[in-house]
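Engineer: File structure_24.cif below, mmCIF, N, CA and C atoms:
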data_protein
loop_
_atom_site.label_atom_id
_atom_site.label_comp_id
_atom_site.auth_asym_id
_atom_site.auth_seq_id
_atom_site.Cartn_x
_atom_site.Cartn_y
_atom_site.Cartn_z
N MET A 1 -37.94 3.18 46.95
CA MET A 1 -38.19 4.51 46.42
C MET A 1 -38.61 5.44 47.55
N PRO A 2 -38.15 6.67 47.53
CA PRO A 2 -38.57 7.62 48.56
C PRO A 2 -40.01 8.09 48.34
N LEU A 3 -40.65 8.54 49.42
CA LEU A 3 -42.01 9.04 49.31
C LEU A 3 -42.04 10.31 48.46
N GLY A 4 -43.12 10.49 47.70
CA GLY A 4 -43.25 11.64 46.82
C GLY A 4 -42.67 11.43 45.44
N THR A 5 -42.13 10.25 45.16
CA THR A 5 -41.56 9.95 43.85
C THR A 5 -42.66 9.87 42.80
N THR A 6 -42.43 10.46 41.64
CA THR A 6 -43.39 10.38 40.55
C THR A 6 -43.07 9.15 39.71
N ILE A 7 -44.10 8.35 39.41
CA ILE A 7 -43.92 7.11 38.65
C ILE A 7 -45.03 6.97 37.62
N HIS A 8 -44.81 6.09 36.63
CA HIS A 8 -45.83 5.78 35.63
C HIS A 8 -45.67 4.33 35.21
N ASN A 9 -46.58 3.83 34.37
CA ASN A 9 -46.56 2.45 33.86
C ASN A 9 -46.49 1.45 35.02
N ILE A 10 -47.50 1.49 35.88
CA ILE A 10 -47.50 0.74 37.12
C ILE A 10 -48.28 -0.56 36.97
N GLU A 11 -47.73 -1.64 37.50
CA GLU A 11 -48.43 -2.93 37.51
C GLU A 11 -49.47 -2.93 38.63
N ILE A 12 -50.63 -3.54 38.35
CA ILE A 12 -51.64 -3.71 39.40
C ILE A 12 -51.39 -5.02 40.12
N THR A 13 -51.19 -6.09 39.34
CA THR A 13 -50.84 -7.39 39.90
C THR A 13 -49.46 -7.79 39.39
N LEU A 14 -48.72 -8.48 40.20
CA LEU A 14 -47.33 -8.83 39.91
C LEU A 14 -47.22 -9.69 38.64
N GLY A 15 -46.38 -9.29 37.72
CA GLY A 15 -46.12 -10.06 36.51
C GLY A 15 -47.09 -9.82 35.36
N LYS A 16 -48.09 -8.95 35.55
CA LYS A 16 -49.09 -8.74 34.51
C LYS A 16 -48.70 -7.63 33.54
N GLY A 17 -47.73 -6.80 33.90
CA GLY A 17 -47.33 -5.68 33.04
C GLY A 17 -47.98 -4.39 33.48
N GLY A 18 -47.42 -3.28 33.03
CA GLY A 18 -47.91 -1.97 33.43
C GLY A 18 -49.30 -1.69 32.92
N GLN A 19 -50.16 -1.17 33.79
CA GLN A 19 -51.55 -0.89 33.44
C GLN A 19 -52.02 0.49 33.87
N LEU A 20 -51.35 1.12 34.81
CA LEU A 20 -51.80 2.41 35.33
C LEU A 20 -50.86 3.53 34.88
N ALA A 21 -51.42 4.72 34.67
CA ALA A 21 -50.68 5.94 34.33
C ALA A 21 -49.81 5.74 33.10
N ARG A 22 -50.46 5.41 31.97
CA ARG A 22 -49.71 5.16 30.73
C ARG A 22 -49.98 6.19 29.63
N ALA A 23 -50.92 7.10 29.81
CA ALA A 23 -51.25 8.09 28.78
C ALA A 23 -50.17 9.17 28.74
N THR A 24 -50.18 9.99 27.68
CA THR A 24 -49.17 11.04 27.55
C THR A 24 -49.28 12.03 28.69
N GLY A 25 -48.16 12.30 29.33
CA GLY A 25 -48.12 13.25 30.43
C GLY A 25 -48.62 12.72 31.75
N ALA A 26 -49.03 11.44 31.81
CA ALA A 26 -49.59 10.89 33.04
C ALA A 26 -48.49 10.63 34.07
N VAL A 27 -48.83 10.82 35.32
CA VAL A 27 -47.89 10.57 36.39
C VAL A 27 -48.68 10.22 37.66
N ALA A 28 -48.15 9.27 38.42
CA ALA A 28 -48.72 8.91 39.73
C ALA A 28 -47.67 9.22 40.79
N LYS A 29 -48.14 9.46 42.00
CA LYS A 29 -47.22 9.83 43.07
C LYS A 29 -47.28 8.81 44.20
N LEU A 30 -46.12 8.42 44.70
CA LEU A 30 -46.02 7.50 45.83
C LEU A 30 -46.26 8.28 47.11
N ILE A 31 -47.36 7.94 47.81
CA ILE A 31 -47.75 8.69 49.00
C ILE A 31 -47.22 8.05 50.28
N ALA A 32 -47.40 6.71 50.39
CA ALA A 32 -47.02 6.04 51.64
C ALA A 32 -46.62 4.60 51.36
N LYS A 33 -45.87 4.03 52.28
CA LYS A 33 -45.49 2.62 52.23
C LYS A 33 -45.76 2.00 53.59
N GLU A 34 -46.59 0.93 53.61
CA GLU A 34 -46.89 0.23 54.85
C GLU A 34 -46.74 -1.27 54.62
N GLY A 35 -45.83 -1.91 55.29
CA GLY A 35 -45.67 -3.36 55.18
C GLY A 35 -45.32 -3.79 53.76
N LYS A 36 -46.18 -4.64 53.17
CA LYS A 36 -45.92 -5.14 51.82
C LYS A 36 -46.66 -4.35 50.75
N SER A 37 -47.30 -3.24 51.11
CA SER A 37 -48.07 -2.47 50.13
C SER A 37 -47.64 -1.01 50.12
N ALA A 38 -47.95 -0.36 49.01
CA ALA A 38 -47.64 1.06 48.85
C ALA A 38 -48.90 1.78 48.40
N THR A 39 -49.06 3.02 48.83
CA THR A 39 -50.21 3.82 48.46
C THR A 39 -49.81 4.80 47.37
N LEU A 40 -50.59 4.83 46.28
CA LEU A 40 -50.31 5.71 45.15
C LEU A 40 -51.47 6.66 44.93
N LYS A 41 -51.15 7.88 44.50
CA LYS A 41 -52.17 8.84 44.06
C LYS A 41 -52.09 8.87 42.54
N LEU A 42 -53.16 8.41 41.88
CA LEU A 42 -53.20 8.28 40.43
C LEU A 42 -53.60 9.59 39.75
N PRO A 43 -53.42 9.69 38.42
CA PRO A 43 -53.80 10.92 37.72
C PRO A 43 -55.29 11.27 37.85
N SER A 44 -56.13 10.27 38.10
CA SER A 44 -57.57 10.51 38.30
C SER A 44 -57.89 10.92 39.73
N TRP A 45 -56.87 11.19 40.54
CA TRP A 45 -56.95 11.55 41.95
C TRP A 45 -57.43 10.39 42.81
N GLU A 46 -57.49 9.20 42.25
CA GLU A 46 -57.84 8.01 43.04
C GLU A 46 -56.61 7.60 43.85
N VAL A 47 -56.84 7.22 45.09
CA VAL A 47 -55.76 6.72 45.95
C VAL A 47 -55.89 5.21 45.98
N ARG A 48 -54.81 4.50 45.61
CA ARG A 48 -54.89 3.06 45.43
C ARG A 48 -53.75 2.37 46.18
N LEU A 49 -54.05 1.20 46.73
CA LEU A 49 -53.08 0.38 47.45
C LEU A 49 -52.57 -0.69 46.51
N ILE A 50 -51.24 -0.76 46.33
CA ILE A 50 -50.63 -1.72 45.40
C ILE A 50 -49.46 -2.38 46.11
N SER A 51 -49.19 -3.63 45.73
CA SER A 51 -48.08 -4.37 46.32
C SER A 51 -46.74 -3.71 46.01
N LYS A 52 -45.82 -3.76 46.96
CA LYS A 52 -44.49 -3.19 46.74
C LYS A 52 -43.70 -3.96 45.69
N ASN A 53 -44.05 -5.21 45.46
CA ASN A 53 -43.32 -6.03 44.50
C ASN A 53 -43.66 -5.70 43.04
N CYS A 54 -44.75 -4.98 42.81
CA CYS A 54 -45.14 -4.61 41.45
C CYS A 54 -44.16 -3.59 40.89
N SER A 55 -43.90 -3.70 39.60
CA SER A 55 -42.91 -2.81 38.98
C SER A 55 -43.57 -1.52 38.48
N ALA A 56 -42.74 -0.48 38.34
CA ALA A 56 -43.18 0.81 37.82
C ALA A 56 -41.95 1.54 37.27
N THR A 57 -42.19 2.55 36.46
CA THR A 57 -41.11 3.34 35.88
C THR A 57 -41.09 4.70 36.56
N VAL A 58 -39.90 5.15 36.92
CA VAL A 58 -39.76 6.44 37.59
C VAL A 58 -39.86 7.55 36.57
N GLY A 59 -40.63 8.61 36.91
CA GLY A 59 -40.75 9.78 36.04
C GLY A 59 -42.13 9.91 35.44
N GLN A 60 -42.23 10.84 34.47
CA GLN A 60 -43.49 11.16 33.82
C GLN A 60 -43.47 10.64 32.39
N VAL A 61 -44.64 10.23 31.88
CA VAL A 61 -44.74 9.79 30.49
C VAL A 61 -44.46 10.99 29.59
N GLY A 62 -43.72 10.76 28.52
CA GLY A 62 -43.34 11.84 27.62
C GLY A 62 -44.45 12.27 26.68
N ASN A 63 -44.10 13.10 25.71
CA ASN A 63 -44.99 13.60 24.66
C ASN A 63 -46.17 14.38 25.26
N VAL A 64 -45.85 15.25 26.22
CA VAL A 64 -46.88 15.96 26.98
C VAL A 64 -47.69 16.91 26.11
N GLY A 65 -47.04 17.65 25.22
CA GLY A 65 -47.73 18.68 24.47
C GLY A 65 -48.32 18.22 23.16
N VAL A 66 -48.66 16.94 23.04
CA VAL A 66 -49.17 16.43 21.76
C VAL A 66 -50.52 17.04 21.40
N ASN A 67 -51.35 17.37 22.39
CA ASN A 67 -52.67 17.92 22.10
C ASN A 67 -52.65 19.43 21.83
N GLN A 68 -51.56 20.13 22.18
CA GLN A 68 -51.47 21.56 21.94
C GLN A 68 -50.93 21.89 20.56
N LYS A 69 -50.54 20.88 19.79
CA LYS A 69 -49.96 21.10 18.47
C LYS A 69 -51.03 21.59 17.49
N ASN A 70 -50.76 22.72 16.81
CA ASN A 70 -51.69 23.27 15.84
C ASN A 70 -51.38 22.65 14.48
N LEU A 71 -52.33 21.91 13.93
CA LEU A 71 -52.11 21.24 12.66
C LEU A 71 -52.29 22.17 11.47
N GLY A 72 -53.03 23.24 11.63
CA GLY A 72 -53.14 24.24 10.58
C GLY A 72 -54.32 24.07 9.65
N ARG A 73 -54.64 22.87 9.26
CA ARG A 73 -55.75 22.67 8.33
C ARG A 73 -56.31 21.27 8.50
N ALA A 74 -57.47 21.02 7.90
CA ALA A 74 -58.15 19.73 8.08
C ALA A 74 -57.37 18.60 7.43
N GLY A 75 -56.68 18.88 6.32
CA GLY A 75 -55.93 17.83 5.63
C GLY A 75 -54.83 17.25 6.48
N SER A 76 -54.21 18.08 7.33
CA SER A 76 -53.14 17.60 8.20
C SER A 76 -53.67 16.58 9.20
N LYS A 77 -54.87 16.81 9.70
CA LYS A 77 -55.51 15.86 10.62
C LYS A 77 -55.85 14.56 9.89
N HIS A 78 -56.24 14.68 8.64
CA HIS A 78 -56.59 13.50 7.83
C HIS A 78 -55.35 12.64 7.59
N TRP A 79 -54.19 13.26 7.42
CA TRP A 79 -52.95 12.50 7.22
C TRP A 79 -52.60 11.69 8.45
N LEU A 80 -53.03 12.14 9.64
CA LEU A 80 -52.76 11.41 10.88
C LEU A 80 -53.72 10.25 11.10
N GLY A 81 -54.71 10.09 10.21
CA GLY A 81 -55.64 8.97 10.34
C GLY A 81 -56.97 9.36 10.94
N LYS A 82 -57.22 10.63 11.23
CA LYS A 82 -58.50 11.08 11.76
C LYS A 82 -59.37 11.49 10.57
N CYS A 83 -60.19 10.59 10.09
CA CYS A 83 -60.98 10.83 8.89
C CYS A 83 -62.25 11.61 9.23
N PRO A 84 -62.78 12.38 8.27
CA PRO A 84 -64.02 13.12 8.53
C PRO A 84 -65.19 12.17 8.72
N VAL A 85 -66.17 12.60 9.50
CA VAL A 85 -67.33 11.78 9.81
C VAL A 85 -68.51 12.27 8.98
N ILE A 86 -69.21 11.34 8.33
CA ILE A 86 -70.39 11.70 7.57
C ILE A 86 -71.54 11.87 8.55
N GLU A 87 -72.17 13.05 8.54
CA GLU A 87 -73.16 13.41 9.55
C GLU A 87 -74.37 12.48 9.53
N SER A 88 -74.79 12.05 8.36
CA SER A 88 -75.98 11.20 8.29
C SER A 88 -75.73 9.84 8.92
N GLU A 89 -74.51 9.33 8.82
CA GLU A 89 -74.21 8.03 9.43
C GLU A 89 -74.11 8.13 10.94
N VAL A 90 -73.73 9.30 11.44
CA VAL A 90 -73.69 9.51 12.89
C VAL A 90 -75.10 9.46 13.46
N ASN A 91 -76.06 10.02 12.73
CA ASN A 91 -77.44 10.06 13.20
C ASN A 91 -78.17 8.73 12.98
N GLY A 92 -77.50 7.73 12.42
CA GLY A 92 -78.11 6.43 12.22
C GLY A 92 -78.90 6.31 10.94
N LEU A 93 -78.74 7.26 10.00
CA LEU A 93 -79.48 7.23 8.75
C LEU A 93 -78.52 6.92 7.61
N LYS A 94 -79.02 6.28 6.60
CA LYS A 94 -78.22 6.02 5.41
C LYS A 94 -78.23 7.26 4.53
N PRO A 95 -77.18 7.51 3.77
CA PRO A 95 -77.13 8.73 2.96
C PRO A 95 -78.29 8.85 1.98
N PHE A 96 -78.82 7.75 1.44
CA PHE A 96 -79.89 7.88 0.45
C PHE A 96 -81.25 8.17 1.09
N THR A 97 -81.37 8.11 2.42
CA THR A 97 -82.62 8.48 3.07
C THR A 97 -82.65 9.96 3.43
N GLN A 98 -81.51 10.64 3.35
CA GLN A 98 -81.46 12.06 3.65
C GLN A 98 -82.07 12.86 2.50
N LYS A 99 -82.74 13.94 2.84
CA LYS A 99 -83.30 14.81 1.82
C LYS A 99 -82.16 15.63 1.21
N LYS A 100 -82.14 15.76 -0.09
CA LYS A 100 -81.11 16.52 -0.77
C LYS A 100 -81.39 18.01 -0.53
N VAL A 101 -80.39 18.75 -0.17
CA VAL A 101 -80.58 20.16 0.16
C VAL A 101 -79.80 21.08 -0.77
N ASN A 102 -79.11 20.54 -1.76
CA ASN A 102 -78.28 21.39 -2.59
C ASN A 102 -79.03 21.98 -3.77
N GLY A 103 -80.33 21.79 -3.89
CA GLY A 103 -81.12 22.38 -4.95
C GLY A 103 -81.22 21.54 -6.19
N LEU A 104 -80.39 20.51 -6.32
CA LEU A 104 -80.43 19.68 -7.52
C LEU A 104 -81.55 18.65 -7.46
N ASN A 105 -81.82 18.14 -6.26
CA ASN A 105 -82.82 17.09 -6.13
C ASN A 105 -83.52 17.28 -4.79
N ASN A 106 -84.67 17.93 -4.77
CA ASN A 106 -85.35 18.24 -3.52
C ASN A 106 -86.44 17.22 -3.20
N ARG A 107 -86.15 15.96 -3.32
CA ARG A 107 -87.08 14.91 -2.95
C ARG A 107 -86.28 13.75 -2.37
N LEU A 108 -86.96 12.83 -1.69
CA LEU A 108 -86.29 11.65 -1.17
C LEU A 108 -85.86 10.77 -2.33
N ASP A 109 -84.87 9.99 -2.11
CA ASP A 109 -84.34 9.11 -3.16
C ASP A 109 -85.43 8.12 -3.59
N PHE A 110 -85.45 7.79 -4.87
CA PHE A 110 -86.51 6.93 -5.41
C PHE A 110 -86.47 5.52 -4.80
N ARG A 111 -85.33 5.10 -4.26
CA ARG A 111 -85.23 3.76 -3.70
C ARG A 111 -86.17 3.57 -2.51
N ASN A 112 -86.49 4.64 -1.81
CA ASN A 112 -87.38 4.54 -0.65
C ASN A 112 -88.83 4.36 -1.09
N SER A 113 -89.20 4.89 -2.25
CA SER A 113 -90.59 4.83 -2.67
C SER A 113 -90.93 3.55 -3.43
N LEU A 114 -89.94 2.71 -3.73
CA LEU A 114 -90.19 1.48 -4.49
C LEU A 114 -90.82 0.39 -3.63
N SER A 115 -90.54 0.38 -2.34
CA SER A 115 -91.03 -0.69 -1.47
C SER A 115 -92.37 -0.40 -0.91
#
Show me this structure written as structure tokens.
Structural biologist:
Amino acid sequence: MPLGTTIHNIEITLGKGGQLARATGAVAKLIAKEGKSATLKLPSWEVRLISKNCSATVGQVGNVGVNQKNLGRAGSKHWLGKCPVIESEVNGLKPFTQKKVNGLNNRLDFRNSLS
């Protein structure tokens, strides 16, 4: 491969399969070749030495604009598998320990006062 070639899905060790530059739009650049090794500039700007025998795919990973897509509403995101997060569970509390704020029940749940 000539110097300056853009590649992705790069093996770190021979026969292990592609491990580097696999995300959408990711690309690494071949900077130099010395002896049995090649120098790559990765998407994280890390410069790494890899064996010339390791395989890689020429070009850039597709589906670049996946994050710029406007879904329009919350339901569209839910259809993709991104479910809403319950705020009390994020804070490490169970829903029945939260104080009710909707005006219907302004006290802690009775289950807490039984013990």
Engineer: Leaving out segment 2-19 of chain A and any residue of its chain fewer than 4 positions from it, which residues lie within 7 Å of it when counting only C-alpha atoms, given as a PyMOL selection string?
Structural biologist: chain A and resi 26-32+50+53-61
Engineer: Report the distance between atom CA of Gly25 of chain A and atom N of Gly65 of chain A in Å, rounded to one decimal place.
Structural biologist: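 Taking atom CA of Gly25 of chain A as the start and atom N of Gly65 of chain A as the end point, the length is 6.9 Å.
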Engineer: I'd like the interatomic distance between atom CA of Leu49 of chain A and atom CA of Ser37 of chain A, to a tenth of an Å.
Structural biologist: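 Between atom CA of Leu49 of chain A and atom CA of Ser37 of chain A the gap works out to 6.4 Å.
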Engineer: Do you have the atom C of Gly62 of chain A-atom C of Ala23 of chain A distance handy?
Structural biologist: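 Between these atoms lies a distance of 6.8 Å.
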